[in-house]
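The structure file final.cif is reproduced below (mmCIF, C-alpha atoms and all ligand atoms).
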data_coords
#
loop_
_atom_site.label_atom_id
_atom_site.label_comp_id
_atom_site.auth_asym_id
_atom_site.auth_seq_id
_atom_site.Cartn_x
_atom_site.Cartn_y
_atom_site.Cartn_z
CA MET A 234 -69.75 62.43 54.63
CA PHE A 235 -72.65 64.30 56.21
CA PRO A 236 -75.01 62.51 58.58
CA SER A 237 -78.61 62.58 57.40
CA VAL A 238 -81.98 63.52 58.84
CA ALA A 239 -85.24 62.59 57.14
CA ILE A 240 -88.35 64.75 57.22
CA SER A 241 -92.07 64.28 56.62
CA ARG A 242 -94.23 65.75 53.87
CA ARG A 243 -95.17 68.58 56.20
CA GLY A 244 -91.43 69.24 56.53
CA ASP A 245 -91.18 69.33 52.71
CA ASP A 246 -93.95 71.93 52.67
CA ARG A 247 -92.18 74.15 55.15
CA ILE A 248 -89.03 74.16 53.06
CA ARG A 249 -91.06 74.80 49.92
CA ASN A 250 -92.73 77.75 51.65
CA GLY A 251 -89.36 79.29 52.41
CA HIS A 252 -89.26 78.66 56.14
CA PRO A 253 -85.83 77.65 57.45
CA TRP A 254 -87.07 75.83 60.57
CA ILE A 255 -88.21 72.22 60.69
CA TYR A 256 -89.80 71.16 63.96
CA ARG A 257 -89.08 67.94 65.77
CA SER A 258 -92.56 66.63 64.94
CA ASP A 259 -91.69 66.78 61.23
CA VAL A 260 -88.49 64.77 61.58
CA THR A 261 -89.02 61.08 60.81
CA ARG A 262 -85.45 59.82 61.36
CA ALA A 263 -82.35 61.46 62.76
CA ASP A 264 -78.96 59.88 62.58
CA ALA A 265 -76.75 62.70 63.74
CA GLU A 266 -74.89 64.16 66.67
CA ALA A 267 -76.01 67.28 68.47
CA GLY A 268 -75.12 70.39 66.47
CA ALA A 269 -74.00 68.57 63.32
CA MET A 270 -74.39 69.93 59.81
CA VAL A 271 -76.71 67.34 58.24
CA ARG A 272 -78.06 66.37 54.84
CA VAL A 273 -81.84 66.76 54.89
CA LEU A 274 -83.77 64.03 53.07
CA ASP A 275 -87.26 64.95 51.97
CA SER A 276 -90.22 62.59 52.24
CA ARG A 277 -89.23 60.97 48.92
CA GLY A 278 -85.63 60.43 50.00
CA ARG A 279 -84.09 63.21 47.90
CA THR A 280 -81.63 65.74 49.26
CA ALA A 281 -83.66 68.84 50.15
CA GLY A 282 -80.63 70.70 51.43
CA TYR A 283 -78.29 70.97 54.40
CA ALA A 284 -79.16 72.11 57.88
CA LEU A 285 -77.89 72.59 61.41
CA TYR A 286 -79.29 69.84 63.60
CA SER A 287 -80.34 70.16 67.23
CA ASP A 288 -81.12 67.09 69.34
CA ARG A 289 -82.77 69.17 72.10
CA SER A 290 -84.70 72.10 70.65
CA GLU A 291 -88.25 71.87 69.28
CA ILE A 292 -86.63 73.34 66.19
CA SER A 293 -84.68 70.28 65.04
CA LEU A 294 -83.37 71.65 61.78
CA ARG A 295 -82.32 75.11 60.71
CA MET A 296 -81.86 75.05 56.94
CA PHE A 297 -78.53 76.39 55.78
CA THR A 298 -78.58 75.61 52.06
CA ARG A 299 -81.19 74.24 49.68
CA GLY A 300 -80.61 71.69 46.93
CA PRO A 301 -78.07 68.89 46.52
CA ASP A 302 -74.78 70.80 46.89
CA ALA A 303 -73.14 70.48 50.30
CA PRO A 304 -71.99 73.69 51.99
CA THR A 305 -68.26 74.26 52.45
CA GLU A 306 -66.13 76.68 54.43
CA ALA A 307 -66.43 79.00 51.43
CA THR A 308 -70.24 79.01 51.81
CA TRP A 309 -69.87 80.28 55.37
CA ARG A 310 -67.42 82.90 54.29
CA GLU A 311 -69.69 84.11 51.49
CA ARG A 312 -72.61 84.42 53.89
CA LEU A 313 -70.57 86.42 56.39
CA GLU A 314 -69.08 88.57 53.65
CA GLY A 315 -72.52 89.19 52.18
CA ALA A 316 -73.96 90.25 55.53
CA ILE A 317 -71.05 92.54 56.36
CA GLY A 318 -70.91 94.00 52.84
CA PHE A 319 -74.63 94.86 53.01
CA ARG A 320 -74.13 96.88 56.22
CA LYS A 321 -71.42 98.92 54.50
CA THR A 322 -73.97 100.06 51.92
CA LEU A 323 -76.39 101.29 54.61
CA GLU A 324 -74.25 104.31 55.55
CA ILE A 325 -75.24 103.92 59.17
CA GLU A 326 -74.65 106.99 61.28
CA GLY A 327 -73.05 105.37 64.25
CA ALA A 328 -70.26 103.09 65.41
CA ALA A 329 -72.60 100.41 66.76
CA PHE A 330 -74.76 98.29 64.49
CA ARG A 331 -75.68 94.70 63.66
CA LEU A 332 -73.43 92.91 61.18
CA VAL A 333 -75.26 89.57 61.17
CA HIS A 334 -78.97 89.14 61.92
CA GLY A 335 -79.46 85.38 61.97
CA GLU A 336 -82.07 83.93 59.61
CA ALA A 337 -82.37 87.17 57.66
CA ASP A 338 -78.71 86.83 56.67
CA LEU A 339 -79.05 83.09 56.01
CA LEU A 340 -76.95 82.46 59.10
CA PRO A 341 -79.67 81.01 61.33
CA SER A 342 -79.32 81.68 65.07
CA LEU A 343 -76.17 83.78 64.75
CA VAL A 344 -76.02 87.40 65.89
CA VAL A 345 -72.96 89.60 65.42
CA ASP A 346 -72.98 93.22 66.58
CA ARG A 347 -70.26 95.75 66.04
CA TYR A 348 -69.32 98.25 68.76
CA GLY A 349 -66.53 100.39 67.32
CA ASP A 350 -63.43 98.21 67.08
CA TRP A 351 -65.05 95.28 68.88
CA LEU A 352 -67.54 92.58 67.96
CA VAL A 353 -70.08 90.96 70.27
CA LEU A 354 -71.62 87.73 69.05
CA GLN A 355 -74.26 85.22 70.10
CA ALA A 356 -74.69 81.62 68.92
CA LEU A 357 -78.21 80.53 69.77
CA SER A 358 -78.32 76.91 68.58
CA GLN A 359 -76.20 73.79 68.99
CA GLY A 360 -75.06 73.96 65.38
CA MET A 361 -74.00 77.60 65.53
CA ASP A 362 -72.26 77.00 68.84
CA ARG A 363 -70.17 74.27 67.23
CA MET A 364 -69.22 76.60 64.39
CA LEU A 365 -67.95 79.35 66.72
CA PRO A 366 -64.20 78.71 66.25
CA GLN A 367 -64.55 78.84 62.46
CA ILE A 368 -66.85 81.87 62.55
CA THR A 369 -64.47 83.69 64.89
CA ASN A 370 -61.54 83.09 62.52
CA GLN A 371 -63.50 84.30 59.53
CA LEU A 372 -64.71 87.42 61.36
CA VAL A 373 -61.13 88.23 62.32
CA GLU A 374 -60.12 88.00 58.66
CA LEU A 375 -63.10 89.96 57.36
CA VAL A 376 -63.39 92.72 59.98
CA ALA A 377 -60.01 92.78 61.78
CA PRO A 378 -61.56 93.70 65.14
CA THR A 379 -59.50 94.40 68.28
CA GLY A 380 -61.49 91.77 70.13
CA ILE A 381 -64.55 89.50 69.91
CA LEU A 382 -66.79 88.80 72.89
CA GLY A 383 -69.10 85.77 72.99
CA ARG A 384 -72.23 86.96 74.83
CA ASN A 385 -73.57 83.45 74.97
CA ASP A 386 -75.80 84.02 77.99
CA PRO A 387 -79.32 84.41 76.53
CA ARG A 388 -81.76 82.04 78.18
CA VAL A 389 -82.85 80.52 74.85
CA ARG A 390 -79.56 78.62 74.81
CA GLY A 391 -81.09 76.52 77.59
CA LEU A 392 -83.67 75.18 75.11
CA GLU A 393 -80.73 73.84 73.11
CA GLY A 394 -79.12 72.25 76.15
CA LEU A 395 -76.24 74.71 75.82
CA GLU A 396 -74.56 76.26 78.82
CA THR A 397 -74.63 80.04 79.22
CA ARG A 398 -71.26 81.72 79.18
CA VAL A 399 -69.63 85.05 78.40
CA ASP A 400 -66.08 84.81 77.15
CA VAL A 401 -63.56 86.60 75.02
CA LEU A 402 -63.17 84.60 71.82
CA TYR A 403 -60.43 86.71 70.29
CA GLY A 404 -58.10 89.57 71.31
CA SER A 405 -59.24 91.63 74.26
CA VAL A 406 -62.55 93.33 75.06
CA PRO A 407 -62.80 96.19 77.61
CA GLU A 408 -65.46 96.43 80.33
CA SER A 409 -66.83 99.54 78.72
CA ILE A 410 -66.84 100.72 75.11
CA ASP A 411 -67.59 104.30 74.09
CA VAL A 412 -69.75 104.52 70.99
CA GLN A 413 -71.44 107.33 69.13
CA GLU A 414 -74.90 106.73 67.67
CA GLY A 415 -76.32 109.67 65.74
CA THR A 416 -76.11 112.62 68.11
CA VAL A 417 -75.67 110.54 71.26
CA SER A 418 -72.53 109.20 72.86
CA TYR A 419 -72.93 106.10 75.04
CA SER A 420 -70.75 104.10 77.31
CA VAL A 421 -71.68 100.47 76.64
CA ASP A 422 -71.04 97.46 78.88
CA PRO A 423 -70.70 94.54 76.45
CA TYR A 424 -70.35 91.96 79.23
CA HIS A 425 -73.49 92.77 81.23
CA GLY A 426 -75.66 95.18 79.19
CA GLN A 427 -79.05 93.98 77.90
CA LYS A 428 -78.87 92.14 74.57
CA THR A 429 -75.28 92.80 73.42
CA GLY A 430 -75.13 96.21 75.16
CA LEU A 431 -77.51 98.49 73.25
CA PHE A 432 -80.93 98.17 71.59
CA LEU A 433 -79.48 98.67 68.13
CA ASP A 434 -82.77 97.78 66.46
CA GLN A 435 -84.29 101.12 67.58
CA ARG A 436 -81.58 103.35 66.11
CA GLU A 437 -83.62 104.56 63.13
CA ASN A 438 -86.79 104.89 65.19
CA ARG A 439 -84.96 107.20 67.59
CA VAL A 440 -83.95 109.40 64.67
CA ALA A 441 -87.52 109.34 63.31
CA ALA A 442 -89.03 110.10 66.73
CA ALA A 443 -86.70 113.07 67.19
CA ARG A 444 -88.39 114.77 64.24
CA TYR A 445 -91.63 115.05 66.22
CA ALA A 446 -90.32 115.46 69.76
CA ARG A 447 -90.95 118.65 71.69
CA GLY A 448 -92.05 120.13 74.99
CA ARG A 449 -92.26 117.70 77.84
CA LEU A 450 -91.15 114.13 77.03
CA LEU A 451 -91.90 110.88 78.84
CA ASP A 452 -89.62 108.00 77.80
CA ALA A 453 -91.13 104.87 79.31
CA PHE A 454 -89.05 101.66 79.39
CA SER A 455 -85.98 103.74 78.77
CA TYR A 456 -83.12 101.24 79.42
CA ASN A 457 -79.94 103.33 79.22
CA GLY A 458 -81.79 106.29 77.72
CA GLY A 459 -81.74 105.64 73.97
CA PHE A 460 -84.89 107.59 73.11
CA ALA A 461 -84.58 110.07 76.00
CA LEU A 462 -81.11 111.20 74.94
CA SER A 463 -81.84 111.32 71.19
CA LEU A 464 -84.99 113.37 71.73
CA ALA A 465 -83.84 115.55 74.64
CA PRO A 466 -82.14 118.27 72.53
CA ARG A 467 -85.60 119.05 71.09
CA CYS A 468 -87.42 118.97 74.42
CA ASP A 469 -87.71 121.25 77.46
CA GLU A 470 -87.86 118.48 80.00
CA VAL A 471 -87.46 114.70 79.87
CA LEU A 472 -88.65 112.05 82.31
CA ALA A 473 -87.08 108.61 81.68
CA VAL A 474 -88.53 105.61 83.51
CA ASP A 475 -87.14 102.09 83.79
CA ILE A 476 -87.68 99.45 86.42
CA SER A 477 -83.98 98.60 86.54
CA GLU A 478 -81.92 100.64 88.98
CA ALA A 479 -78.76 99.79 86.99
CA ALA A 480 -80.39 101.14 83.80
CA VAL A 481 -81.40 104.33 85.57
CA GLN A 482 -77.82 104.86 86.75
CA GLN A 483 -76.70 104.45 83.15
CA ILE A 484 -79.27 106.96 81.91
CA ARG A 485 -77.92 109.51 84.41
CA ARG A 486 -74.30 108.85 83.40
CA ASN A 487 -75.13 108.98 79.70
CA ALA A 488 -77.14 112.19 80.18
CA GLU A 489 -74.13 113.81 81.89
CA ARG A 490 -71.69 112.75 79.19
CA ASN A 491 -73.99 114.27 76.54
CA GLY A 492 -74.42 117.54 78.43
CA LEU A 493 -78.10 116.76 79.07
CA GLY A 494 -77.92 116.23 82.82
CA ALA A 495 -80.10 119.24 83.57
CA VAL A 496 -82.85 118.21 81.11
CA VAL A 497 -83.10 114.45 81.62
CA HIS A 498 -84.52 113.11 84.87
CA ALA A 499 -84.48 109.34 85.37
CA ARG A 500 -86.64 107.36 87.75
CA ALA A 501 -86.49 103.66 88.69
CA MET A 502 -90.17 102.73 88.61
CA ASN A 503 -92.56 100.18 87.22
CA VAL A 504 -94.07 101.95 84.19
CA PHE A 505 -97.54 100.52 84.87
CA ASP A 506 -97.53 102.16 88.33
CA GLU A 507 -95.86 105.34 87.14
CA LEU A 508 -98.40 105.92 84.34
CA ARG A 509 -101.25 105.49 86.81
CA GLU A 510 -99.59 107.88 89.24
CA LEU A 511 -98.92 110.51 86.55
CA GLU A 512 -102.56 110.27 85.47
CA ARG A 513 -103.76 110.66 89.05
CA ARG A 514 -101.65 113.78 89.47
CA GLY A 515 -103.06 115.23 86.24
CA GLU A 516 -99.67 115.52 84.56
CA ARG A 517 -99.44 116.12 80.80
CA PHE A 518 -96.79 115.41 78.16
CA ASP A 519 -96.23 116.67 74.62
CA THR A 520 -94.29 113.58 73.53
CA ILE A 521 -94.38 110.03 74.91
CA VAL A 522 -92.30 106.98 73.98
CA LEU A 523 -93.43 103.48 74.95
CA ASP A 524 -90.81 100.82 74.26
CA PRO A 525 -91.64 97.89 76.54
CA PRO A 526 -89.89 94.51 76.57
CA ALA A 527 -91.57 91.71 74.57
CA PHE A 528 -94.76 91.09 76.58
CA ALA A 529 -95.54 87.95 74.52
CA LYS A 530 -92.53 85.67 74.67
CA ASN A 531 -94.61 82.75 73.32
CA LYS A 532 -98.01 82.08 71.76
CA ALA A 533 -99.67 81.26 75.09
CA ALA A 534 -98.78 84.71 76.41
CA VAL A 535 -100.36 86.68 73.55
CA ALA A 536 -103.75 87.45 75.14
CA LYS A 537 -102.18 88.78 78.32
CA ALA A 538 -99.61 90.69 76.28
CA LEU A 539 -102.33 92.42 74.27
CA SER A 540 -104.03 93.59 77.44
CA GLY A 541 -100.67 94.91 78.69
CA TYR A 542 -100.12 96.84 75.46
CA LYS A 543 -103.67 98.16 75.63
CA GLU A 544 -103.24 99.40 79.20
CA ILE A 545 -100.03 101.34 78.68
CA ASN A 546 -101.17 102.83 75.38
CA LEU A 547 -104.52 103.87 76.81
CA ARG A 548 -102.85 105.61 79.74
CA ALA A 549 -100.25 107.25 77.51
CA LEU A 550 -102.94 108.61 75.18
CA LYS A 551 -104.71 110.15 78.17
CA LEU A 552 -101.48 111.80 79.37
CA LEU A 553 -100.82 113.26 75.93
CA VAL A 554 -101.87 116.84 75.11
CA PRO A 555 -103.89 117.41 71.91
CA GLY A 556 -101.34 117.82 69.12
CA GLY A 557 -98.87 115.61 71.01
CA PHE A 558 -97.06 112.56 69.66
CA LEU A 559 -96.95 108.98 70.91
CA ILE A 560 -94.12 106.76 69.67
CA THR A 561 -95.26 103.27 70.60
CA CYS A 562 -93.49 99.96 70.05
CA SER A 563 -93.98 96.22 70.36
CA CYS A 564 -91.06 93.84 69.98
CA SER A 565 -93.13 90.66 70.48
CA TYR A 566 -92.74 88.59 67.33
CA ASN A 567 -95.96 86.79 68.24
CA VAL A 568 -97.95 90.03 68.01
CA SER A 569 -98.43 90.96 64.37
CA GLU A 570 -98.54 94.51 63.09
CA GLY A 571 -102.27 94.10 62.50
CA ALA A 572 -102.93 92.88 66.04
CA PHE A 573 -100.87 95.72 67.49
CA ALA A 574 -102.72 98.29 65.36
CA GLU A 575 -106.02 96.85 66.61
CA VAL A 576 -104.90 97.28 70.23
CA LEU A 577 -103.90 100.88 69.54
CA ALA A 578 -107.29 101.57 67.95
CA GLN A 579 -109.07 100.12 71.00
CA ALA A 580 -106.90 102.22 73.32
CA ALA A 581 -107.74 105.35 71.31
CA LEU A 582 -111.48 104.57 71.51
CA ASP A 583 -111.30 104.02 75.27
CA ALA A 584 -109.28 107.21 75.72
CA ARG A 585 -111.93 109.02 73.63
CA ALA A 586 -109.11 110.43 71.52
CA ASP A 587 -108.90 110.97 67.76
CA ILE A 588 -105.57 109.57 66.70
CA ALA A 589 -103.77 109.78 63.38
CA VAL A 590 -101.02 107.38 62.31
CA VAL A 591 -98.11 109.51 61.16
CA GLU A 592 -95.57 106.74 60.53
CA LYS A 593 -95.47 102.96 60.66
CA ARG A 594 -91.98 101.70 61.26
CA MET A 595 -90.02 98.56 62.07
CA GLN A 596 -86.59 97.40 63.26
CA ALA A 597 -83.60 99.18 61.73
CA ARG A 598 -82.31 98.15 58.31
CA ASP A 599 -79.34 96.28 59.76
CA HIS A 600 -81.95 93.91 61.31
CA PRO A 601 -83.76 92.92 58.11
CA VAL A 602 -86.89 90.77 57.88
CA LEU A 603 -86.94 87.53 55.92
CA LEU A 604 -90.09 87.83 53.82
CA THR A 605 -91.16 84.19 54.23
CA VAL A 606 -90.52 84.15 58.00
CA PRO A 607 -93.05 86.34 59.80
CA GLU A 608 -91.24 85.75 63.10
CA THR A 609 -88.35 87.90 61.85
CA TYR A 610 -90.63 90.99 61.69
CA TYR A 611 -90.59 91.41 65.43
CA LEU A 612 -90.36 95.13 66.10
CA LYS A 613 -93.34 97.32 65.24
CA CYS A 614 -93.24 101.04 65.89
CA PHE A 615 -96.14 103.44 65.29
CA ILE A 616 -95.81 107.19 65.51
CA LEU A 617 -99.21 108.58 66.42
CA ARG A 618 -100.55 112.11 66.72
CA LYS A 619 -103.35 112.97 69.07
CA LEU A 620 -105.73 115.25 67.20
CA ALA A 621 -108.17 115.99 69.98
N1 LIG B 1 -86.06 102.09 74.90
C1 LIG B 1 -84.82 101.37 75.13
C2 LIG B 1 -84.99 99.88 75.15
C3 LIG B 1 -86.00 99.38 76.13
S1 LIG B 1 -85.93 97.68 76.47
C4 LIG B 1 -83.81 101.80 74.08
O1 LIG B 1 -84.18 102.49 73.13
O2 LIG B 1 -82.65 101.44 74.23
C5 LIG B 1 -87.12 97.48 77.72
C6 LIG B 1 -86.75 98.04 79.07
O3 LIG B 1 -87.91 97.94 79.89
C7 LIG B 1 -85.65 97.31 79.83
O4 LIG B 1 -84.62 98.22 80.12
C8 LIG B 1 -86.33 96.81 81.13
O5 LIG B 1 -85.50 96.99 82.27
C9 LIG B 1 -87.52 97.71 81.23
N2 LIG B 1 -88.71 97.19 81.92
C10 LIG B 1 -89.25 95.96 81.86
N3 LIG B 1 -90.43 95.90 82.53
C11 LIG B 1 -90.63 97.14 83.05
C12 LIG B 1 -91.65 97.74 83.83
N4 LIG B 1 -92.74 97.05 84.21
N5 LIG B 1 -91.53 99.03 84.16
C13 LIG B 1 -90.45 99.75 83.78
N6 LIG B 1 -89.45 99.24 83.02
C14 LIG B 1 -89.53 97.96 82.66
#

Using structure tokens, write down the structure that the file contains.
Amino acid sequence: MFPSVAISRRGDDRIRNGHPWIYRSDVTRADAEAGAMVRVLDSRGRTAGYALYSDRSEISLRMFTRGPDAPTEATWRERLEGAIGFRKTLEIEGAAFRLVHGEADLLPSLVVDRYGDWLVLQALSQGMDRMLPQITNQLVELVAPTGILGRNDPRVRGLEGLETRVDVLYGSVPESIDVQEGTVSYSVDPYHGQKTGLFLDQRENRVAAARYARGRLLDAFSYNGGFALSLAPRCDEVLAVDISEAAVQQIRRNAERNGLGAVVHARAMNVFDELRELERRGERFDTIVLDPPAFAKNKAAVAKALSGYKEINLRALKLLVPGGFLITCSCSYNVSEGAFAEVLAQAALDARADIAVVEKRMQARDHPVLLTVPETYYLKCFILRKLA
């Protein structure tokens, strides 16, 4: 009933080591249509499990189940139910959070985010794309949302030969959704905002950072003001910087709606230039947040990414007063926590600063990490204190 795909011994090893991806180079025979659910035959011809097949991506197979039993509609439902049920236990303080986080919920390449009464989802492989009608129906039954938006415009869909499109998959979805997250109220644009509208993975880091924030705050790479607005009530003055003019407009609007318009100043600038300029002018900050985009989008870009991280962290440490806090992040999955820590140590040495690590953090709990898949630990966040 299921088409089959055969894999090499190296493919066997990957499955045995708990990794759900099998690369094209480890596929020895594929007899399946694009996006099909396939039976995976190991190098000895036994059924290793079932997987979503892609005829375009370097990742040919994304394992869905292991062992001889074929998945059914009930398997999908259990996975979705499990993911959604887990979020209920987290007691998240906010109306926006991630319900399904792909591989870490055993639903490879599927993202489902909740924004109040609406869901925004992304299917990032051929197989998941094919499952969208069924997934949509099951989400309607499980969550009863007012509407579901397919934000299927990330560029990675191109690697799968999938078109990019944004369309309402169920009900209706407004142009802007008001959501509360912790102390901050946002107006979110689910159709055009970055990711699905908000950087939900930083929610808990914003709360953590607020515990240290004070005095004069610089929020660099601010997007629509996530850190700036969460930390502002504890600060005297906030400068938020993002290169995107649209993001800066959103920061201003969000600052107004939270009664922080007088405290938060937003500037559309390249952070690299702005940090240099602030240093030249001899400005000082008590709290700094660095939350850049992923500088290393692939392995080849790692070296350049590390020098980018080093530069901004070095400059930030110089701008920080003794006793001040730096909240610094990397969301490059190709840069490990160890490599990032090494960069921070080098930046501290070059800045001639004594720096203590106060907290080591990661993406929020609704974006869990699959222990055997290092790629899923993508967001690293260090809270540092400058001693002298
Ligand atoms: N801190 C935000 C998320 C930041 S995402 C939050 O908590 O929600 C990274 C942001 O960096 C994006 O908004 C992007 O527009 C911005 N960006 C990318 N390169 C930049 C640069 N060189 N200078 C300033 N901003 C940049």

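Closest approach to ligand LIG 1 (chain B) among A:Tyr610, A:Phe505, A:Tyr283, A:Phe558: A:Phe505, based on only C-alpha atoms and all ligand atoms.
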
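Distances from A:Pro253, A:Gly515, A:Pro466, A:Gly459 to ligand LIG 1 (chain B) were compared using only C-alpha atoms and all ligand atoms, and the smallest one belongs to A:Gly459.
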
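You will find CA of Arg299 in chain A at 10.0 Å from CA of Gly251 in chain A.
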
Find the residues near ligand LIG 1 (chain B). Use a cut-off of 9 Å, count only C-alpha atoms and all ligand atoms, and write them as a VMD selection string. chain A and resid 427 431 to 436 438 to 439 452 to 461 474 to 481 501 to 507 522 to 528

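In this model, the gap between CA of Gly300 in chain A and CA of Asn370 in chain A comes to 27.1 Å.
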
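In this comparison, which uses all atoms listed in the file, the residue of A:Leu508, A:Val606, A:Ala572, A:Val417 approaching Gly492 in chain A most closely is A:Val417.
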
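Shortest atom-to-atom contact with His425 in chain A among A:Ser358, A:Ser409, A:Thr280, A:Thr298: A:Ser409, counting all atoms listed in the file.
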
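Compared by their closest atoms to Ser565 in chain A, and using only C-alpha atoms, the residues A:Arg312, A:Arg486, A:Arg585, A:Lys530 rank with A:Lys530 nearest.
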
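For the atom pair formed by CA of Glu544 in chain A and CA of Arg485 in chain A, the distance is 27.8 Å, given to one decimal.
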
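With all atoms listed in the file as the basis for measurement, A:Val412 is the residue among A:Leu617, A:Ala578, A:Val412, A:Met361 that approaches Ala328 in chain A most closely.
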
Near range 288-297 of chain A, 7 Å: range 356-431 of chain A residue rows, closest pairs, only C-alpha atoms, as CSV:
residue,atom,partner,partner_atom,distance
A:Leu392,CA,A:Ser290,CA,5.5
A:Glu393,CA,A:Ser290,CA,5.0
A:Gly394,CA,A:Arg289,CA,6.3

Ala443 in chain A environment, 8 Å, all atoms listed in the file, sequence neighbours closer than 5 positions dropped, as a PyMOL selection string: chain A and resi 463-464+467

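Near Thr609 in chain A, within 9 Å and counting only C-alpha atoms, sit Glu336, Ala337, Tyr566, His600, Pro601, Val602, Leu603, Leu604, Thr605, Val606 and Leu612 of chain A, not including residues fewer than 3 positions from it in the same chain.
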